[in-house]
>>> print(open('coords_4.cif').read())   # mmCIF, C-alpha atoms and all ligand atoms
data_upload
loop_
_atom_site.label_atom_id
_atom_site.label_comp_id
_atom_site.auth_asym_id
_atom_site.auth_seq_id
_atom_site.Cartn_x
_atom_site.Cartn_y
_atom_site.Cartn_z
CA MET A 1 171.04 133.08 146.39
CA THR A 2 170.64 136.78 145.83
CA GLN A 3 171.54 139.94 147.65
CA GLN A 4 168.61 142.28 148.21
CA TRP A 5 169.90 145.83 148.07
CA LYS A 6 168.17 148.35 150.31
CA CYS A 7 169.81 151.65 149.70
CA THR A 8 168.99 153.07 153.15
CA ASP A 9 170.46 149.98 154.91
CA TYR A 10 173.57 150.19 152.76
CA GLN A 11 174.03 153.90 153.48
CA THR A 12 173.36 153.38 157.22
CA TYR A 13 175.39 150.22 157.92
CA ALA A 14 177.95 150.07 155.13
CA ASP A 15 178.83 153.71 154.52
CA PHE A 16 182.43 152.83 155.47
CA VAL A 17 182.72 150.83 152.20
CA PRO A 18 182.99 153.89 149.90
CA ALA A 19 184.74 155.86 152.66
CA LEU A 20 187.57 153.28 152.80
CA GLY A 21 187.50 152.99 149.02
CA VAL A 22 188.91 156.51 148.75
CA ASP A 23 192.42 154.97 149.09
CA VAL A 24 192.05 152.99 145.89
CA LEU A 25 191.19 156.21 144.06
CA GLY A 26 194.85 157.12 144.63
CA LEU A 27 195.83 154.06 142.61
CA LEU A 28 193.35 155.02 139.88
CA ASN A 29 194.74 158.58 139.82
CA PRO A 30 192.03 159.93 137.48
CA GLN A 31 193.06 162.74 135.16
CA THR A 32 190.94 165.61 133.86
CA GLY A 33 188.97 164.59 130.78
CA GLU A 34 189.71 160.86 131.04
CA LYS A 35 186.82 158.55 130.18
CA ILE A 36 186.27 156.25 133.17
CA LEU A 37 183.76 153.48 133.82
CA ASP A 38 182.88 152.81 137.48
CA LEU A 39 181.89 149.14 137.51
CA GLY A 40 179.42 148.25 140.28
CA CYS A 41 179.17 151.89 141.29
CA GLY A 42 176.46 151.31 143.94
CA ASP A 43 174.97 154.58 145.16
CA GLY A 44 177.70 156.54 143.36
CA ALA A 45 179.61 157.81 146.42
CA LEU A 46 182.99 157.21 144.73
CA THR A 47 181.74 157.90 141.20
CA SER A 48 180.96 161.46 142.28
CA LYS A 49 184.49 161.83 143.67
CA ILE A 50 185.93 160.71 140.30
CA LEU A 51 183.67 163.25 138.59
CA ALA A 52 184.82 165.98 140.99
CA LEU A 53 188.43 165.18 140.01
CA GLY A 54 187.58 166.21 136.44
CA ALA A 55 187.11 162.84 134.73
CA ASP A 56 184.25 162.03 132.39
CA VAL A 57 182.81 159.15 134.42
CA VAL A 58 179.87 156.82 133.89
CA GLY A 59 178.66 154.34 136.52
CA LEU A 60 177.38 150.84 135.86
CA ASP A 61 175.17 148.93 138.30
CA ALA A 62 172.36 146.41 137.91
CA ALA A 63 170.80 147.10 141.33
CA ASP A 64 167.90 149.42 140.62
CA GLU A 65 167.66 151.09 144.04
CA LEU A 66 171.38 151.86 144.16
CA ALA A 67 171.43 153.08 140.54
CA THR A 68 168.53 155.44 141.32
CA ALA A 69 170.41 156.81 144.35
CA ALA A 70 173.46 157.38 142.12
CA GLU A 71 171.33 159.20 139.52
CA LYS A 72 170.01 161.47 142.29
CA ARG A 73 173.62 162.64 142.71
CA GLY A 74 173.46 163.81 139.08
CA LEU A 75 175.58 160.92 137.76
CA SER A 76 175.18 159.06 134.44
CA ILE A 77 174.41 155.46 135.26
CA LEU A 78 174.05 152.39 133.03
CA ARG A 79 171.70 149.81 134.56
CA LEU A 80 173.57 146.79 133.24
CA ASP A 81 174.84 143.47 134.54
CA ALA A 82 178.65 143.45 134.62
CA HIS A 83 178.55 139.88 133.24
CA GLY A 84 176.83 140.90 130.03
CA PHE A 85 177.73 144.43 129.02
CA SER A 86 179.50 145.66 125.92
CA MET A 87 180.24 149.31 125.27
CA PRO A 88 179.95 151.36 122.08
CA CYS A 89 183.15 153.19 123.11
CA THR A 90 186.34 152.35 124.99
CA PHE A 91 187.62 153.81 128.27
CA ASP A 92 190.90 155.12 129.61
CA ALA A 93 190.17 153.26 132.83
CA VAL A 94 187.69 150.92 134.45
CA PHE A 95 187.42 151.35 138.22
CA SER A 96 185.70 149.09 140.72
CA ASN A 97 185.41 149.22 144.50
CA ALA A 98 183.80 146.47 146.62
CA ALA A 99 181.88 145.09 143.65
CA MET A 100 183.99 142.35 142.05
CA HIS A 101 183.38 139.96 144.97
CA TRP A 102 179.66 139.91 144.07
CA MET A 103 180.31 138.56 140.55
CA HIS A 104 179.38 134.90 140.14
CA SER A 105 181.54 134.57 136.99
CA PRO A 106 184.45 136.98 137.51
CA GLU A 107 186.21 135.67 134.38
CA LYS A 108 183.29 136.91 132.23
CA VAL A 109 183.31 140.29 133.94
CA ILE A 110 187.07 140.66 133.51
CA ALA A 111 186.75 139.78 129.80
CA ASN A 112 184.13 142.57 129.46
CA VAL A 113 186.41 144.97 131.33
CA ALA A 114 189.34 144.13 129.03
CA ALA A 115 187.15 144.65 125.94
CA SER A 116 186.03 148.06 127.30
CA LEU A 117 189.56 149.42 127.70
CA LYS A 118 191.56 151.37 125.14
CA PRO A 119 195.06 150.05 124.46
CA GLY A 120 197.11 151.38 127.40
CA GLY A 121 193.93 151.66 129.51
CA ARG A 122 193.92 150.42 133.10
CA PHE A 123 191.66 148.36 135.33
CA VAL A 124 191.95 149.47 138.96
CA ALA A 125 189.96 147.60 141.57
CA GLU A 126 189.60 146.74 145.23
CA GLN A 127 187.51 143.85 146.50
CA GLY A 128 187.41 141.25 149.23
CA GLY A 129 190.45 138.97 149.07
CA PHE A 130 191.12 135.44 150.29
CA GLY A 131 190.01 135.06 153.94
CA ASN A 132 187.70 138.09 153.84
CA VAL A 133 184.90 138.03 156.46
CA ALA A 134 185.91 134.48 157.41
CA ALA A 135 184.70 134.79 161.01
CA LEU A 136 181.48 136.54 159.94
CA SER A 137 180.69 133.90 157.30
CA THR A 138 181.56 130.98 159.58
CA ALA A 139 179.23 132.31 162.27
CA ILE A 140 176.36 132.65 159.75
CA LEU A 141 176.94 129.11 158.40
CA ALA A 142 177.21 127.67 161.92
CA ALA A 143 173.96 129.41 162.92
CA LEU A 144 172.15 128.00 159.85
CA ASP A 145 173.50 124.55 160.67
CA ALA A 146 172.52 124.78 164.36
CA MET A 147 168.98 125.68 163.30
CA ASN A 148 168.81 122.86 160.70
CA LEU A 149 168.36 125.39 157.92
CA PRO A 150 169.88 124.62 154.50
CA LEU A 151 173.39 125.87 153.82
CA PRO A 152 173.87 127.69 150.50
CA GLU A 153 175.11 125.37 147.75
CA LYS A 154 177.76 127.86 146.79
CA PHE A 155 179.53 130.51 148.87
CA PRO A 156 177.93 133.81 147.76
CA TRP A 157 181.08 135.87 147.34
CA ASP A 158 184.32 135.59 145.36
CA PHE A 159 187.39 136.29 147.51
CA PRO A 160 190.35 135.25 145.34
CA THR A 161 194.00 134.88 146.27
CA PRO A 162 196.44 137.25 144.51
CA GLU A 163 197.61 134.32 142.36
CA GLN A 164 194.07 133.42 141.23
CA GLN A 165 193.19 137.00 140.35
CA THR A 166 196.50 137.56 138.54
CA GLN A 167 195.81 134.47 136.43
CA ARG A 168 192.29 135.67 135.55
CA LEU A 169 193.52 139.13 134.55
CA GLU A 170 196.35 137.66 132.45
CA ASN A 171 193.94 135.22 130.79
CA ALA A 172 191.95 138.28 129.64
CA GLY A 173 195.11 139.73 128.08
CA LEU A 174 195.84 142.29 130.81
CA ARG A 175 199.29 142.92 132.33
CA VAL A 176 199.23 143.03 136.13
CA ASP A 177 201.20 146.00 137.52
CA VAL A 178 200.01 145.96 141.15
CA MET A 179 198.46 143.14 143.21
CA GLN A 180 198.23 143.55 147.00
CA LEU A 181 196.43 141.41 149.60
CA PHE A 182 196.12 143.09 153.00
CA TYR A 183 194.22 142.71 156.24
CA ARG A 184 191.94 145.61 157.12
CA PRO A 185 190.07 145.13 160.41
CA THR A 186 187.21 147.58 159.93
CA PRO A 187 185.37 149.31 162.79
CA LEU A 188 181.58 148.98 162.66
CA PRO A 189 180.48 152.06 164.63
CA LYS A 190 176.83 150.98 164.35
CA GLY A 191 177.54 147.42 165.54
CA ILE A 192 177.41 143.99 163.99
CA LYS A 193 173.63 143.53 163.72
CA GLY A 194 173.25 146.15 161.01
CA TRP A 195 176.09 144.56 158.99
CA LEU A 196 174.42 141.15 159.25
CA GLN A 197 170.99 142.54 158.35
CA THR A 198 172.46 144.25 155.29
CA PHE A 199 174.52 141.34 153.94
CA ILE A 200 172.92 138.10 155.18
CA SER A 201 170.30 137.75 152.43
CA PRO A 202 172.29 135.38 150.13
CA PHE A 203 172.49 132.89 153.04
CA VAL A 204 168.82 133.02 154.07
CA ASP A 205 166.99 133.05 150.75
CA GLY A 206 163.53 131.61 151.38
CA ALA A 207 163.85 131.58 155.19
CA SER A 208 161.07 133.13 157.28
CA GLU A 209 161.61 136.51 158.91
CA LYS A 210 161.71 134.75 162.30
CA ASP A 211 164.42 132.27 161.18
CA ARG A 212 166.41 135.11 159.69
CA GLU A 213 166.26 137.01 162.99
CA ASN A 214 167.32 133.86 164.88
CA VAL A 215 170.28 133.26 162.58
CA ILE A 216 171.42 136.81 163.25
CA HIS A 217 170.89 136.36 167.00
CA HIS A 218 173.07 133.19 167.11
CA ALA A 219 175.73 134.70 164.88
CA VAL A 220 175.98 137.81 167.07
CA ARG A 221 176.41 135.64 170.18
CA TRP A 222 179.22 133.58 168.62
CA LEU A 223 180.95 136.59 167.12
CA THR A 224 180.96 138.63 170.34
CA PRO A 225 184.20 137.15 171.81
CA ILE A 226 185.94 137.28 168.40
CA LEU A 227 185.02 140.61 166.82
CA LYS A 228 183.98 142.81 169.77
CA ASP A 229 186.80 144.36 171.76
CA ALA A 230 186.94 145.23 175.47
CA SER A 231 185.71 148.77 174.81
CA GLY A 232 182.59 147.42 173.07
CA GLN A 233 183.80 148.30 169.54
CA TRP A 234 182.83 145.82 166.80
CA MET A 235 185.38 145.13 164.06
CA ALA A 236 184.68 143.33 160.78
CA ASP A 237 187.44 140.93 159.68
CA TYR A 238 187.97 142.43 156.25
CA VAL A 239 190.79 141.38 153.92
CA ARG A 240 191.23 143.45 150.75
CA LEU A 241 192.69 142.62 147.36
CA ARG A 242 193.76 145.73 145.45
CA TYR A 243 195.12 145.65 141.90
CA ARG A 244 195.94 147.57 138.75
CA ALA A 245 196.19 145.84 135.38
CA THR A 246 196.89 147.43 132.01
CA LYS A 247 195.73 146.54 128.50
CA PRO A 248 198.88 146.38 126.34
C1 LIG A 301 183.16 143.39 151.51
O1 LIG A 301 183.09 144.56 151.13
O2 LIG A 301 184.24 142.83 151.73
C2 LIG A 301 181.93 142.59 151.70
C3 LIG A 301 180.72 143.20 151.59
C4 LIG A 301 179.59 142.44 151.74
C5 LIG A 301 179.65 141.13 152.01
C6 LIG A 301 180.87 140.54 152.12
C7 LIG A 301 182.01 141.27 151.97
#
>>> encode(input="coords_4.cif", output="structure tokens")
Amino acid sequence: MTQQWKCTDYQTYADFVPALGVDVLGLLNPQTGEKILDLGCGDGALTSKILALGADVVGLDAADELATAAEKRGLSILRLDAHGFSMPCTFDAVFSNAAMHWMHSPEKVIANVAASLKPGGRFVAEQGGFGNVAALSTAILAALDAMNLPLPEKFPWDFPTPEQQTQRLENAGLRVDVMQLFYRPTPLPKGIKGWLQTFISPFVDGASEKDRENVIHHAVRWLTPILKDASGQWMADYVRLRYRATKP
């Protein structure tokens, strides 16, 4: 059950992810000279904005293609799994946009984040929250079922409630200052097919190319009355969880 990252697909069909992530940079409020770790930095679109604001930022991402794209922007990138890293130094802040929902053991990742922060350091993140992409996921699962293809044993993403995430952060010794769950219907200017092609891989591991295409075809048909408006604009049913937690 793995996501295959193709940098060109991500930049073509999901470029709105870092674009919308700019808001959470306001909550991070990076200061000149601060040491900041960008956890799950992807192709480095937001990491480079943090750098431009004067911080001393390093990105961390285990996906080789994305890490290479980030390095091409001139960024320092650690190719490490967020579940297993430990740092030789501590940071003023750890930042993460649209990455925490990919973590299969978020508790482990949060423990690593807490260990990487200086006392007084902050963890600022945005990720999918409870109910995120519910229509999109249901359509994919229904398409798999209709085609008698196996359903994944485990849902591939972690979309916690504010209460769950608060508990996890507190268990790691962090104090939660901000925790917001909000609905963010997100226009998909390039349509729904590209989104599905980019993000469907954890559901269709091992399926043939033809089955994969058919799953997408069914899902698009079922999603049309739900996520496509009268003007022909597709919207993704995104729900975000945004938080800031401090190490005492
Ligand atoms: C998200 O950013 O919410 C998301 C991205 C990929 C798959 C599912 C959700």
>>> closest_residue(input="coords_4.cif", among="A:Lys228, A:Arg122, A:His217, A:Lys193", to="Tyr243 in chain A", atoms="all atoms listed in the file")
A:Arg122
>>> atom_distance(input="coords_4.cif", atom1="CA of Ala135 in chain A", atom2="CA of Ala236 in chain A")
8.5 Å
>>> closest_atom_pairs(input="coords_4.cif", of="chain A", to="ligand LIG 301 (chain A)", cutoff="6 Å", atoms="all atoms listed in the file", output="tab-separated table")
residue	atom	partner	partner_atom	distance
A:Ala98	CA	A:LIG301	O1	4.9
A:Gly128	CA	A:LIG301	O2	4.3
A:Phe199	CA	A:LIG301	C5	5.5
A:Tyr238	CA	A:LIG301	O2	5.9
>>> write_last_selection(input="coords_4.cif", atoms="C-alpha atoms", output="mmCIF file, in the frame of the given file")
data_model
loop_
_atom_site.group_PDB
_atom_site.id
_atom_site.type_symbol
_atom_site.label_atom_id
_atom_site.label_comp_id
_atom_site.auth_asym_id
_atom_site.auth_seq_id
_atom_site.Cartn_x
_atom_site.Cartn_y
_atom_site.Cartn_z
ATOM 1 C CA ALA A 98 183.800 146.470 146.620
ATOM 2 C CA GLY A 128 187.410 141.250 149.230
ATOM 3 C CA PHE A 199 174.520 141.340 153.940
ATOM 4 C CA TYR A 238 187.970 142.430 156.250
#
>>> residues_around(input="coords_4.cif", residues="Asp211 in chain A", least_positions_apart="6", cutoff="10 Å", atoms="all atoms listed in the file", output="MDAnalysis selection string")
chainID A and resid 144 147 149 204 217
>>> residues_around(input="coords_4.cif", residues="Val94 in chain A", least_positions_apart="6", cutoff="9 Å", atoms="all atoms listed in the file", output="MDAnalysis selection string")
chainID A and resid 28 35:39 113:114 116:117 121:125
>>> write_last_selection(input="coords_4.cif", atoms="C-alpha atoms", output="JSON list (two decimals), in the coordinates of the input")
[["chain", "number", "residue", "atom", "x", "y", "z"],
["A", 28, "LEU", "CA", 193.35, 155.02, 139.88],
["A", 35, "LYS", "CA", 186.82, 158.55, 130.18],
["A", 36, "ILE", "CA", 186.27, 156.25, 133.17],
["A", 37, "LEU", "CA", 183.76, 153.48, 133.82],
["A", 38, "ASP", "CA", 182.88, 152.81, 137.48],
["A", 39, "LEU", "CA", 181.89, 149.14, 137.51],
["A", 113, "VAL", "CA", 186.41, 144.97, 131.33],
["A", 114, "ALA", "CA", 189.34, 144.13, 129.03],
["A", 116, "SER", "CA", 186.03, 148.06, 127.30],
["A", 117, "LEU", "CA", 189.56, 149.42, 127.70],
["A", 121, "GLY", "CA", 193.93, 151.66, 129.51],
["A", 122, "ARG", "CA", 193.92, 150.42, 133.10],
["A", 123, "PHE", "CA", 191.66, 148.36, 135.33],
["A", 124, "VAL", "CA", 191.95, 149.47, 138.96],
["A", 125, "ALA", "CA", 189.96, 147.60, 141.57]]
>>> residues_around(input="coords_4.cif", residues="Glu163 in chain A", least_positions_apart="6", cutoff="12 Å", atoms="all atoms listed in the file", output="VMD selection string")
chain A and resid 129 to 130 169 to 170 176 178 to 181 241 243
>>> atom_distance(input="coords_4.cif", atom1="CA of Glu209 in chain A", atom2="CA of Asp158 in chain A")
26.5 Å
>>> atom_distance(input="coords_4.cif", atom1="CA of Pro30 in chain A", atom2="CA of Asp64 in chain A")
26.5 Å
>>> build_atoms(input="coords_4.cif", residues="range 175-192 of chain A", atoms="N, CA and C atoms", output="PDB file, in the coordinates of the input")
ATOM      1  N   ARG A 175     197.983 143.057 131.646  1.00  0.00           N
ATOM      2  CA  ARG A 175     199.290 142.920 132.330  1.00  0.00           C
ATOM      3  C   ARG A 175     199.124 143.460 133.749  1.00  0.00           C
ATOM      4  N   VAL A 176     199.441 142.624 134.736  1.00  0.00           N
ATOM      5  CA  VAL A 176     199.230 143.030 136.130  1.00  0.00           C
ATOM      6  C   VAL A 176     200.419 143.859 136.614  1.00  0.00           C
ATOM      7  N   ASP A 177     200.135 145.105 137.027  1.00  0.00           N
ATOM      8  CA  ASP A 177     201.200 146.000 137.520  1.00  0.00           C
ATOM      9  C   ASP A 177     201.263 146.004 139.048  1.00  0.00           C
ATOM     10  N   VAL A 178     200.089 145.902 139.678  1.00  0.00           N
ATOM     11  CA  VAL A 178     200.010 145.960 141.150  1.00  0.00           C
ATOM     12  C   VAL A 178     199.018 144.889 141.593  1.00  0.00           C
ATOM     13  N   MET A 179     199.381 144.137 142.634  1.00  0.00           N
ATOM     14  CA  MET A 179     198.460 143.140 143.210  1.00  0.00           C
ATOM     15  C   MET A 179     198.808 143.026 144.694  1.00  0.00           C
ATOM     16  N   GLN A 180     197.933 143.522 145.557  1.00  0.00           N
ATOM     17  CA  GLN A 180     198.230 143.550 147.000  1.00  0.00           C
ATOM     18  C   GLN A 180     197.080 142.927 147.780  1.00  0.00           C
ATOM     19  N   LEU A 181     197.420 141.978 148.669  1.00  0.00           N
ATOM     20  CA  LEU A 181     196.430 141.410 149.600  1.00  0.00           C
ATOM     21  C   LEU A 181     196.766 141.954 150.982  1.00  0.00           C
ATOM     22  N   PHE A 182     195.814 142.574 151.665  1.00  0.00           N
ATOM     23  CA  PHE A 182     196.120 143.090 153.000  1.00  0.00           C
ATOM     24  C   PHE A 182     194.918 142.995 153.931  1.00  0.00           C
ATOM     25  N   TYR A 183     195.230 142.856 155.200  1.00  0.00           N
ATOM     26  CA  TYR A 183     194.220 142.710 156.240  1.00  0.00           C
ATOM     27  C   TYR A 183     193.740 144.104 156.628  1.00  0.00           C
ATOM     28  N   ARG A 184     192.428 144.294 156.711  1.00  0.00           N
ATOM     29  CA  ARG A 184     191.940 145.610 157.120  1.00  0.00           C
ATOM     30  C   ARG A 184     190.772 145.463 158.118  1.00  0.00           C
ATOM     31  N   PRO A 185     191.129 145.174 159.399  1.00  0.00           N
ATOM     32  CA  PRO A 185     190.070 145.130 160.410  1.00  0.00           C
ATOM     33  C   PRO A 185     189.300 146.452 160.362  1.00  0.00           C
ATOM     34  N   THR A 186     187.989 146.375 160.232  1.00  0.00           N
ATOM     35  CA  THR A 186     187.210 147.580 159.930  1.00  0.00           C
ATOM     36  C   THR A 186     186.182 147.861 161.031  1.00  0.00           C
ATOM     37  N   PRO A 187     186.331 148.992 161.726  1.00  0.00           N
ATOM     38  CA  PRO A 187     185.370 149.310 162.790  1.00  0.00           C
ATOM     39  C   PRO A 187     183.947 149.409 162.246  1.00  0.00           C
ATOM     40  N   LEU A 188     183.009 148.887 163.006  1.00  0.00           N
ATOM     41  CA  LEU A 188     181.580 148.980 162.660  1.00  0.00           C
ATOM     42  C   LEU A 188     180.926 149.843 163.729  1.00  0.00           C
ATOM     43  N   PRO A 189     180.956 151.170 163.558  1.00  0.00           N
ATOM     44  CA  PRO A 189     180.480 152.060 164.630  1.00  0.00           C
ATOM     45  C   PRO A 189     179.023 151.792 164.997  1.00  0.00           C
ATOM     46  N   LYS A 190     178.251 151.229 164.040  1.00  0.00           N
ATOM     47  CA  LYS A 190     176.830 150.980 164.350  1.00  0.00           C
ATOM     48  C   LYS A 190     176.596 149.520 164.741  1.00  0.00           C
ATOM     49  N   GLY A 191     177.688 148.790 165.032  1.00  0.00           N
ATOM     50  CA  GLY A 191     177.540 147.420 165.540  1.00  0.00           C
ATOM     51  C   GLY A 191     177.480 146.380 164.449  1.00  0.00           C
ATOM     52  N   ILE A 192     177.329 145.128 164.907  1.00  0.00           N
ATOM     53  CA  ILE A 192     177.410 143.990 163.990  1.00  0.00           C
ATOM     54  C   ILE A 192     176.033 143.636 163.412  1.00  0.00           C
TER      55      ILE A 192
END
